[in-house]
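S.K.: Mind looking over this structure? Questions follow.
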Amino acid sequence: GLIMGMVIFLVLAIPFGVRYFITSKIILVNFVLFFAISCFHLMSTLFYSDADYVRVIGSVMLLLTMSFMSVVFVTTLDSLKTDAFHKIILAGCHFLIFLGCLVVLLRFVSILQEGYVVGKNMILFTEPSHYAICFVPFLFYAAYTSSKDRYAILYIFFGVGLALIIENMTLMVGCSMIIFLCFGQRFFKLIIIIIVVALMASFLDLEYFMKRINLSPDNYNLSKLVFLSGWERAYLSFTNSYGFGLGFNQLGIVGPQGKLQPLIENITGGYRLNVKDGGSTGSKLIAETGWLGLTLLIFYFFSSINILKNVIFRRLYGSKDVFFCGVFLLFSIEVFVRGMGYFSILSFLFLSSIYWIHRNEILKDRPVVRK
């Protein structure tokens with residue numbers, strides 16, 4: 001799907017004139033990344049010699065392709081006028097909202113006909129979490145750029161309501177982050193929104209969400225177990241390999257299984273849930289690349305703090321800054337809450353956001369832009 005998306009983008013971008021500027025600095029950064037991944041993988045073979053080398057080579061090549069395609073994507077978007085870009089992102093948000101409404105409608109029909117919800121398919125997405133990961137950056141953009149606060153609140157309430165109806169923790173976490181990003185500077189409005197959301201939630205059955213945040217050993221919720229298993233295997237893989245990891249994209253292929261993975265298989269009748277994506281991208285990155293992955297996560301954390309300040313205090317210039325900063329910050333959902341692996345649409349947008357942020361020096365201090 002990601003490869004097809006990049007191909008379609010190239011075809012659509014040709015009429016605009018693709019300005020393919022790959023500087024020596026970009027080549028150097030990608031070479032250093034390739035060299036670091038290769039070195040850590042070679043060291044990991046000392047501990048795990050039965051790695052899938054075809055998978056490693058294919059994954060590295062795809063990662064480099066995504067990285068260079070991000071440059072094409074960003075330089076091409078830079079040629080779009082701000083108003084055109086704004087309309088495209090809003091159209092994407094409204095399409096995903098329509099998709100969410102359609103799913104809710106189909107679920108109500110399912111309940112009326114069958115007496116229960118048949119599956120959790122999201123039409124274009126295999127599961128609600130994948131929909132949420134793609135939807136949240138667009139929802140943030142629509143709320144953040146709304147001309148009036150009441151429109152922003154309506155967007156957020158739709159996201160919260162949808163999360164409650166389809167019962168999805170990933171979307172709920174995303175909406176909570178959006179509330180803070182949009183109203184973090186305005187404390188009074190932030191408190192009011194939190195109170196209203198809490199009142200909305202009090203009328204619904206929250207058992208689904210309570211099970212996912214209950215870390216008690218007596219709670220055998222599969223989503224919780226999958227999440228904890230990813231971090232358990234990350235810890236074991238890191239310590240067993242002295243910080244070199246399992247090798248790039250080798251989680252679930254080699255390495256320790258821990259105590260939780262056998263428990264998951266026992267509950268599911270032998271089915272291995274999310275064994276290769278680790279439940280979250282952060283745990284997968286540390287498990288596979290060790291110190292390199294941990295360093296990247298630390299760098300991401302401190303960069304996010306600087307960008308967070310610019311977002312909350314509205315030091316962003318234009319719709320493109322807003323969108324890419326939102327993607328950068330909300331990628332933390334994939335990193336720490338629910339991952340889709342390295343090769344997702346949001347991962348591609350995240351790489352693009354890195355190039356955009358670097359090109360426009362967003363990490364530097366800026367004056368406040370009043371709304």
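Every chain in the structure tokens has a letter given in the order shown (A, B, ...), and although residue numbers restart at 1 in each chain, ligands are simply numbered from 1 in the order shown.
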Report as a VMD selection string all protein, DNA and RNA residues lying within 12 Å of A:Ser176, evaluated on only C-alpha atoms, omitting residues in the same chain fewer than 2 positions from it.
M.R.: chain A and resid 136 139 to 140 153 156 to 157 159 to 160 163 169 to 174 178 to 184 190 193 to 194 197 to 198 330 333
S.K.: Per DSSP on the backbone, what are the alpha helix (DSSP H) residues of stretch 19-170 of chain A, as an mmCIF file with C-alpha atoms, in the first residue's frame?
M.R.:
data_model
loop_
_atom_site.group_PDB
_atom_site.id
_atom_site.type_symbol
_atom_site.label_atom_id
_atom_site.label_comp_id
_atom_site.auth_asym_id
_atom_site.auth_seq_id
_atom_site.Cartn_x
_atom_site.Cartn_y
_atom_site.Cartn_z
ATOM 1 C CA SER A 24 24.958 16.287 -0.810
ATOM 2 C CA LYS A 25 23.883 16.808 2.809
ATOM 3 C CA ILE A 26 20.765 14.668 2.301
ATOM 4 C CA ILE A 27 22.850 11.949 0.660
ATOM 5 C CA LEU A 28 25.322 12.090 3.552
ATOM 6 C CA VAL A 29 22.559 11.788 6.186
ATOM 7 C CA ASN A 30 21.049 8.776 4.422
ATOM 8 C CA PHE A 31 24.464 7.179 4.019
ATOM 9 C CA VAL A 32 25.200 7.604 7.733
ATOM 10 C CA LEU A 33 21.802 6.082 8.575
ATOM 11 C CA PHE A 34 22.445 3.142 6.224
ATOM 12 C CA PHE A 35 25.950 2.647 7.645
ATOM 13 C CA ALA A 36 24.727 2.746 11.269
ATOM 14 C CA ILE A 37 21.912 0.248 10.617
ATOM 15 C CA SER A 38 24.318 -2.058 8.761
ATOM 16 C CA CYS A 39 26.935 -1.928 11.550
ATOM 17 C CA PHE A 40 24.396 -2.664 14.275
ATOM 18 C CA HIS A 41 22.912 -5.482 12.218
ATOM 19 C CA LEU A 42 26.334 -7.058 11.653
ATOM 20 C CA MET A 43 27.008 -6.914 15.398
ATOM 21 C CA SER A 44 23.599 -8.438 16.124
ATOM 22 C CA TYR A 53 18.719 -11.515 5.391
ATOM 23 C CA VAL A 54 16.312 -11.089 2.484
ATOM 24 C CA ARG A 55 13.959 -9.262 4.835
ATOM 25 C CA VAL A 56 16.813 -7.090 6.124
ATOM 26 C CA ILE A 57 18.047 -6.042 2.681
ATOM 27 C CA GLY A 58 14.521 -5.415 1.390
ATOM 28 C CA SER A 59 13.616 -3.385 4.488
ATOM 29 C CA VAL A 60 16.731 -1.205 4.306
ATOM 30 C CA MET A 61 16.195 -0.530 0.609
ATOM 31 C CA LEU A 62 12.547 0.395 1.213
ATOM 32 C CA LEU A 63 13.527 2.682 4.100
ATOM 33 C CA LEU A 64 16.061 4.512 1.918
ATOM 34 C CA THR A 65 13.475 4.770 -0.863
ATOM 35 C CA MET A 66 10.989 6.283 1.593
ATOM 36 C CA SER A 67 13.626 8.722 2.784
ATOM 37 C CA PHE A 68 14.503 9.980 -0.697
ATOM 38 C CA MET A 69 10.841 10.030 -1.732
ATOM 39 C CA SER A 70 10.181 12.260 1.277
ATOM 40 C CA VAL A 71 12.463 14.849 -0.299
ATOM 41 C CA VAL A 72 10.462 14.656 -3.536
ATOM 42 C CA PHE A 73 7.229 14.925 -1.572
ATOM 43 C CA VAL A 74 8.323 17.955 0.452
ATOM 44 C CA THR A 75 9.898 19.882 -2.437
ATOM 45 C CA THR A 76 6.814 19.264 -4.572
ATOM 46 C CA LEU A 77 4.425 20.384 -1.825
ATOM 47 C CA THR A 82 -0.824 27.745 0.821
ATOM 48 C CA ASP A 83 -4.568 27.941 0.074
ATOM 49 C CA ALA A 84 -4.406 24.905 -2.227
ATOM 50 C CA PHE A 85 -2.504 22.888 0.387
ATOM 51 C CA HIS A 86 -5.000 23.927 3.076
ATOM 52 C CA LYS A 87 -7.941 22.762 0.961
ATOM 53 C CA ILE A 88 -6.277 19.423 0.157
ATOM 54 C CA ILE A 89 -5.592 18.598 3.821
ATOM 55 C CA LEU A 90 -9.106 19.651 4.875
ATOM 56 C CA ALA A 91 -10.562 17.512 2.073
ATOM 57 C CA GLY A 92 -8.543 14.577 3.397
ATOM 58 C CA CYS A 93 -9.855 15.218 6.915
ATOM 59 C CA HIS A 94 -13.475 15.459 5.756
ATOM 60 C CA PHE A 95 -13.110 12.253 3.744
ATOM 61 C CA LEU A 96 -11.850 10.412 6.830
ATOM 62 C CA ILE A 97 -14.695 11.922 8.875
ATOM 63 C CA PHE A 98 -17.168 10.653 6.265
ATOM 64 C CA LEU A 99 -15.508 7.241 6.446
ATOM 65 C CA GLY A 100 -15.879 7.238 10.233
ATOM 66 C CA CYS A 101 -19.563 8.187 9.988
ATOM 67 C CA LEU A 102 -20.124 5.439 7.420
ATOM 68 C CA VAL A 103 -18.514 2.865 9.717
ATOM 69 C CA VAL A 104 -20.732 3.977 12.614
ATOM 70 C CA LEU A 105 -23.820 3.687 10.387
ATOM 71 C CA LEU A 106 -22.830 0.195 9.237
ATOM 72 C CA ARG A 107 -22.288 -0.865 12.837
ATOM 73 C CA PHE A 108 -25.738 0.308 13.877
ATOM 74 C CA VAL A 109 -27.222 -1.608 10.934
ATOM 75 C CA SER A 110 -25.218 -4.658 12.004
ATOM 76 C CA ILE A 111 -26.559 -4.392 15.555
ATOM 77 C CA LEU A 112 -30.141 -4.080 14.288
ATOM 78 C CA GLN A 113 -29.796 -7.079 11.966
ATOM 79 C CA GLU A 114 -27.480 -9.387 13.908
ATOM 80 C CA PRO A 128 -9.729 0.961 13.967
ATOM 81 C CA SER A 129 -6.218 1.696 15.267
ATOM 82 C CA HIS A 130 -4.850 1.975 11.729
ATOM 83 C CA TYR A 131 -7.667 4.366 10.859
ATOM 84 C CA ALA A 132 -6.976 6.399 14.010
ATOM 85 C CA ILE A 133 -3.240 6.694 13.301
ATOM 86 C CA CYS A 134 -3.936 8.105 9.828
ATOM 87 C CA PHE A 135 -6.903 10.253 10.908
ATOM 88 C CA VAL A 136 -5.419 12.042 13.929
ATOM 89 C CA PRO A 137 -2.908 14.306 12.058
ATOM 90 C CA PHE A 138 -5.663 15.489 9.698
ATOM 91 C CA LEU A 139 -8.070 16.029 12.595
ATOM 92 C CA PHE A 140 -5.423 18.058 14.407
ATOM 93 C CA TYR A 141 -4.866 20.230 11.345
ATOM 94 C CA ALA A 142 -8.592 20.899 10.903
ATOM 95 C CA ALA A 143 -9.035 21.817 14.580
ATOM 96 C CA TYR A 144 -5.850 23.892 14.867
ATOM 97 C CA ASP A 149 -12.794 27.922 18.582
ATOM 98 C CA ARG A 150 -16.258 26.400 18.363
ATOM 99 C CA TYR A 151 -15.372 24.793 15.035
ATOM 100 C CA ALA A 152 -12.205 23.359 16.531
ATOM 101 C CA ILE A 153 -14.206 21.997 19.464
ATOM 102 C CA LEU A 154 -16.708 20.368 17.067
ATOM 103 C CA TYR A 155 -13.888 18.585 15.251
ATOM 104 C CA ILE A 156 -12.449 17.359 18.549
ATOM 105 C CA PHE A 157 -15.832 16.247 19.897
ATOM 106 C CA PHE A 158 -16.406 14.264 16.712
ATOM 107 C CA GLY A 159 -13.084 12.474 17.260
ATOM 108 C CA VAL A 160 -13.860 11.754 20.911
ATOM 109 C CA GLY A 161 -17.380 10.597 20.089
ATOM 110 C CA LEU A 162 -16.104 8.314 17.340
ATOM 111 C CA ALA A 163 -13.460 6.872 19.691
ATOM 112 C CA LEU A 164 -16.168 6.091 22.256
ATOM 113 C CA ILE A 165 -18.516 4.514 19.696
ATOM 114 C CA ILE A 166 -15.977 2.333 17.890
ATOM 115 C CA MET A 169 -7.952 3.762 22.668
ATOM 116 C CA THR A 170 -5.538 4.980 19.964
#
S.K.: As an NGL selection string, please: the residues near A:Leu329 (cut-off 10 Å, only C-alpha atoms, same-chain neighbours under 6 positions excluded).
M.R.: :A and (137 or 177 or 181 or 300-301 or 303-305 or 307-308 or 311 or 350 or 353)
S.K.: Restricting the calculation to only C-alpha atoms: of A:Met340, A:Lys309, A:Lys320, A:Ser332, which residue gets closest to A:Lys276?
M.R.: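 So, comparing all the options, the nearest one is A:Met340.
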S.K.: Distance atom CA of A:Ser229-atom CA of A:Gly269, one decimal place?
M.R.: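 Atom CA of A:Gly269 lies at a distance of 17.0 Å from atom CA of A:Ser229.
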S.K.: Measure the distance from atom CA of A:Gly279 to atom CA of A:Phe209 in Å and round it to one decimal.
M.R.: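 Atom CA of A:Gly279 sits 16.8 Å away from atom CA of A:Phe209.
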S.K.: Figure out the distance between atom CA of A:Phe348 and atom CA of A:Asp52, please, to one decimal in Å.
M.R.: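 Interatomic distance, atom CA of A:Asp52 to atom CA of A:Phe348: 23.9 Å.
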